[in-house]
Amino acid sequence: MFAGQAGNMNRINTHLNQRNDRPWPRHALFLAALILGAMVLITVRPAFGVVEIDITRGNVRAMPIAIPQFLGASDSDRSLAAKISNIVTNDLARSGLFRPIDRKAHIEKISSINSRPRFADWRIIKAEALALGNITLVRGGRIKAEFRLWDVFSGRQLAGEQFTTNERNWRRIGHIIADAIYKRLTGESGDFDSRIVFIDETGPKSKRIKRLAMMDQDGHNVRTLTSGRALVLTPRFSPTRQEITYMSYAGGRPRVYLLNIDTGQKELVGDFPGMTFAPRFSPDGNKIILSQQDSDSANIFVMDLRSRRSTRLTKTKSIDTAPCFSPSGREIVFESDRSGSQQIYVMKADGSNQRRISRGGGRYSTPVWSPRGDLIAFTKQSGGRFLIGVMRPDGTGERILTEGFHNEGPTWAPNGRVLMFFRESRTKAGGPKLFSVDLTGYHEQPVATPSFASDPAWSPLIN
């Protein structure tokens, strides 16, 4: 739940097994493994009442889906229903996998989500899936939401859910429904019900004020978490708790803090005067890993958050920095200049078996392991260009997704299919802005923020 938003979401899954851990069904269909390459082809066809997605080389084809404006009994219900259905539509469109059909082209006028749709009408406009919803404001400032997902080809219902929540959570309802549709039609979890923590930057470059801020993944519900009186940098989400670790230079000293998002409680982890890169959590949330500088070298340490004991993992005269755990916690990726230039290395969690994996030309930095475990994202500088790319954990299959003026700081969506990063402006009066790009490299788009923004970090899915 969002901080300060009381009340749990109560859900009833219709025609599907009840699941309490997430608000959507967990039945999955097959999604072919992503074939790394410059281009992909997505073909969609009916298969036993569900949609099967095959990914091969070619051009991207998004799936046509019809999402009529959700229904409501009263004017207030209908007003809120329109907003929520628009959130669902926008979420799915931004994914690049779906093409919501213009509502002006809809033939059937839906009057009840409990009636069987006229599928012939939806086939005429070439819809392959149909999502219907109904929103009701109930007593006590709560919302009752219902939705149904249909396979237009077979006429079968793929998903149906009913749930209630606090009225303040109305935007989350749209994200949850979009996640449910994405899950049922791709077999993989969506990333819509998630948040981004980032550095909000205001003022001229010479006197830039940097605050810790947070927003929904679509750029809404922005709120600042620090006052701006002290410089803050490099926030990172805990994988297991609604908690953020970040650096602060309060009093001119670099310190690492833990911030509980729900309570606002802040905890000092320690002073790290030689720290060269922000800490990241281990997959179990019980440790943080960071880099500390000593004289002309920097090495990687891991700290147990319960005992506050640190263990040194590298011991070199070079700069070892930007460490990140693999999802299993058994390996760590980091950057090092031990070969003469910045390159990406992988080692076991105890510091053994250190090996270089980057082999392309240029300098590599800010490696981040995908939550799926199949790829490592990175920043690359080559020929005066700043690139964001991915490679497999053994260094093979390197692929550039986007390039631009000073791209930096990739962070993974919780489903491992989208990256967010920041890009500096070329103009003298400009500043950094956030962008996202999916693994095809086709769907790059700006992420709106109230002011300049840098160093994004994606949260896990909200529980």
# chains A, B, ... in the order shown; residues from 1 in each chain; ligands from 1
>>> residues_around(residues="Glu267 of chain A", least_positions_apart="5", cutoff="7 Å", atoms="only C-alpha atoms", output="list of chain:residue names")
A:Tyr257, A:Leu258, A:Leu259
>>> residues_around(residues="Ala81 of chain A", least_positions_apart="2", cutoff="8 Å", atoms="only C-alpha atoms", output="PyMOL selection string")
chain A and resi 69-72+77-79+83-85+133-135
>>> atom_distance(atom1="atom CA of Gln157 of chain A", atom2="atom CA of His443 of chain A")
29.6 Å
>>> select_by_dssp(residues="segment 60-256 of chain A", states="strand (DSSP E)", output="number ranges by chain")
A: 63-66, 98-100, 129-138, 142-151, 156-166, 195-202, 209-216, 223-224, 232-237, 243-248, 255-256
>>> residues_around(residues="Ser115 of chain A", least_positions_apart="4", cutoff="12 Å", atoms="only C-alpha atoms", output="VMD selection string")
chain A and resid 109 to 111 119 132 to 133 148 150 157
>>> residues_around(residues="Ala457 of chain A", least_positions_apart="4", cutoff="7 Å", atoms="only C-alpha atoms", output="MDAnalysis selection string")
chainID A and resid 196:198 235:237 411
>>> atom_distance(atom1="atom CA of Asn299 of chain A", atom2="atom CA of Ser358 of chain A")
19.3 Å
>>> residues_around(residues="Ser282 of chain A", least_positions_apart="2", cutoff="12 Å", atoms="only C-alpha atoms", output="ChimeraX atom specification")
/A:236-241,245,279-280,284-290,302-305,323-332,349,369,371
>>> write_last_selection(atoms="N, CA and C atoms", output="CSV table (one decimal), in the first residue's frame")
chain,number,residue,atom,x,y,z
A,236,ARG,N,18.2,3.4,-3.6
A,236,ARG,CA,17.9,2.0,-4.0
A,236,ARG,C,16.9,1.3,-3.2
A,237,PHE,N,15.9,0.6,-3.8
A,237,PHE,CA,14.9,-0.1,-3.1
A,237,PHE,C,15.3,-1.4,-2.5
A,238,SER,N,14.8,-1.7,-1.4
A,238,SER,CA,14.9,-3.1,-0.8
A,238,SER,C,14.1,-4.0,-1.6
A,239,PRO,N,14.5,-5.2,-1.9
A,239,PRO,CA,13.7,-6.2,-2.6
A,239,PRO,C,12.7,-6.9,-1.7
A,240,THR,N,12.7,-6.7,-0.4
A,240,THR,CA,11.8,-7.4,0.5
A,240,THR,C,11.0,-6.5,1.3
A,241,ARG,N,11.3,-5.2,1.5
A,241,ARG,CA,10.5,-4.4,2.4
A,241,ARG,C,10.3,-3.0,1.7
A,245,THR,N,17.5,2.5,0.6
A,245,THR,CA,18.8,2.9,1.1
A,245,THR,C,19.3,4.1,0.2
A,279,PRO,N,25.3,2.1,-2.0
A,279,PRO,CA,25.0,0.7,-1.6
A,279,PRO,C,23.8,0.1,-2.3
A,280,ARG,N,23.8,-1.2,-2.5
A,280,ARG,CA,22.6,-1.9,-3.0
A,280,ARG,C,22.3,-3.0,-2.0
A,284,ASP,N,17.9,-10.9,-0.3
A,284,ASP,CA,17.1,-11.2,0.9
A,284,ASP,C,16.9,-9.9,1.7
A,285,GLY,N,17.5,-8.8,1.3
A,285,GLY,CA,17.3,-7.5,2.0
A,285,GLY,C,18.1,-7.4,3.3
A,286,ASN,N,18.9,-8.4,3.7
A,286,ASN,CA,19.6,-8.4,5.0
A,286,ASN,C,21.0,-7.8,4.9
A,287,LYS,N,21.5,-7.5,3.7
A,287,LYS,CA,22.8,-7.0,3.5
A,287,LYS,C,22.8,-5.9,2.5
A,288,ILE,N,23.9,-5.0,2.6
A,288,ILE,CA,24.1,-4.1,1.5
A,288,ILE,C,25.5,-4.2,1.0
A,289,ILE,N,25.7,-4.0,-0.2
A,289,ILE,CA,27.0,-4.1,-0.8
A,289,ILE,C,27.4,-2.7,-1.4
A,290,LEU,N,28.7,-2.4,-1.2
A,290,LEU,CA,29.1,-1.0,-1.6
A,290,LEU,C,30.6,-1.0,-1.9
A,302,VAL,N,30.8,-6.0,1.7
A,302,VAL,CA,29.4,-6.3,2.0
A,302,VAL,C,29.1,-6.2,3.5
A,303,MET,N,28.0,-5.5,3.9
A,303,MET,CA,27.7,-5.3,5.3
A,303,MET,C,26.4,-6.0,5.7
A,304,ASP,N,26.5,-6.8,6.8
A,304,ASP,CA,25.3,-7.4,7.3
A,304,ASP,C,24.5,-6.3,8.1
A,305,LEU,N,23.3,-6.0,7.7
A,305,LEU,CA,22.5,-4.9,8.3
A,305,LEU,C,22.1,-5.2,9.8
A,323,PRO,N,29.0,-2.4,-7.4
A,323,PRO,CA,28.6,-3.8,-7.2
A,323,PRO,C,27.1,-4.0,-7.2
A,324,CYS,N,26.6,-5.2,-7.7
A,324,CYS,CA,25.2,-5.5,-7.7
A,324,CYS,C,25.1,-7.0,-7.6
A,325,PHE,N,24.2,-7.5,-6.7
A,325,PHE,CA,24.0,-8.9,-6.5
A,325,PHE,C,23.2,-9.5,-7.7
A,326,SER,N,23.4,-10.8,-8.0
A,326,SER,CA,22.5,-11.5,-8.9
A,326,SER,C,21.2,-11.8,-8.1
A,327,PRO,N,20.1,-12.1,-8.7
A,327,PRO,CA,18.8,-12.4,-8.0
A,327,PRO,C,19.0,-13.6,-7.1
A,328,SER,N,19.8,-14.6,-7.4
A,328,SER,CA,20.0,-15.7,-6.5
A,328,SER,C,20.9,-15.4,-5.3
A,329,GLY,N,21.6,-14.2,-5.3
A,329,GLY,CA,22.5,-13.9,-4.3
A,329,GLY,C,23.8,-14.6,-4.3
A,330,ARG,N,24.0,-15.5,-5.3
A,330,ARG,CA,25.3,-16.3,-5.3
A,330,ARG,C,26.4,-15.6,-6.1
A,331,GLU,N,26.1,-14.6,-6.9
A,331,GLU,CA,27.1,-13.9,-7.6
A,331,GLU,C,26.9,-12.4,-7.5
A,332,ILE,N,28.0,-11.7,-7.9
A,332,ILE,CA,28.0,-10.2,-7.8
A,332,ILE,C,28.6,-9.7,-9.1
A,349,ALA,N,29.7,-14.7,-4.5
A,349,ALA,CA,29.3,-13.8,-3.4
A,349,ALA,C,30.4,-13.7,-2.3
A,369,TRP,N,22.1,-6.3,-12.5
A,369,TRP,CA,21.6,-7.6,-12.8
A,369,TRP,C,20.1,-7.6,-12.9
A,371,PRO,N,16.2,-8.8,-12.6
A,371,PRO,CA,15.5,-9.6,-11.6
A,371,PRO,C,15.2,-11.0,-12.1
>>> closest_residue(among="A:Val418, A:Lys210, A:Lys126, A:Phe147", to="Tyr442 of chain A", atoms="only C-alpha atoms")
A:Val418
>>> closest_residue(among="A:Ala278, A:Leu268, A:Ile344, A:Ile261", to="Leu233 of chain A", atoms="only C-alpha atoms")
A:Ala278
>>> closest_atom_pairs(of="segment 298-363 of chain A", to="segment 389-402 of chain A", cutoff="8 Å", atoms="only C-alpha atoms", output="Markdown table")
| residue | atom | partner | partner_atom | distance |
| --- | --- | --- | --- | --- |
| A:Val346 | CA | A:Pro393 | CA | 7.9 |
| A:Ile357 | CA | A:Gly395 | CA | 4.4 |
| A:Ser358 | CA | A:Gly395 | CA | 5.4 |
| A:Arg359 | CA | A:Gly395 | CA | 7.1 |
>>> atom_distance(atom1="atom CA of Gln293 of chain A", atom2="atom CA of Asn407 of chain A")
24.9 Å
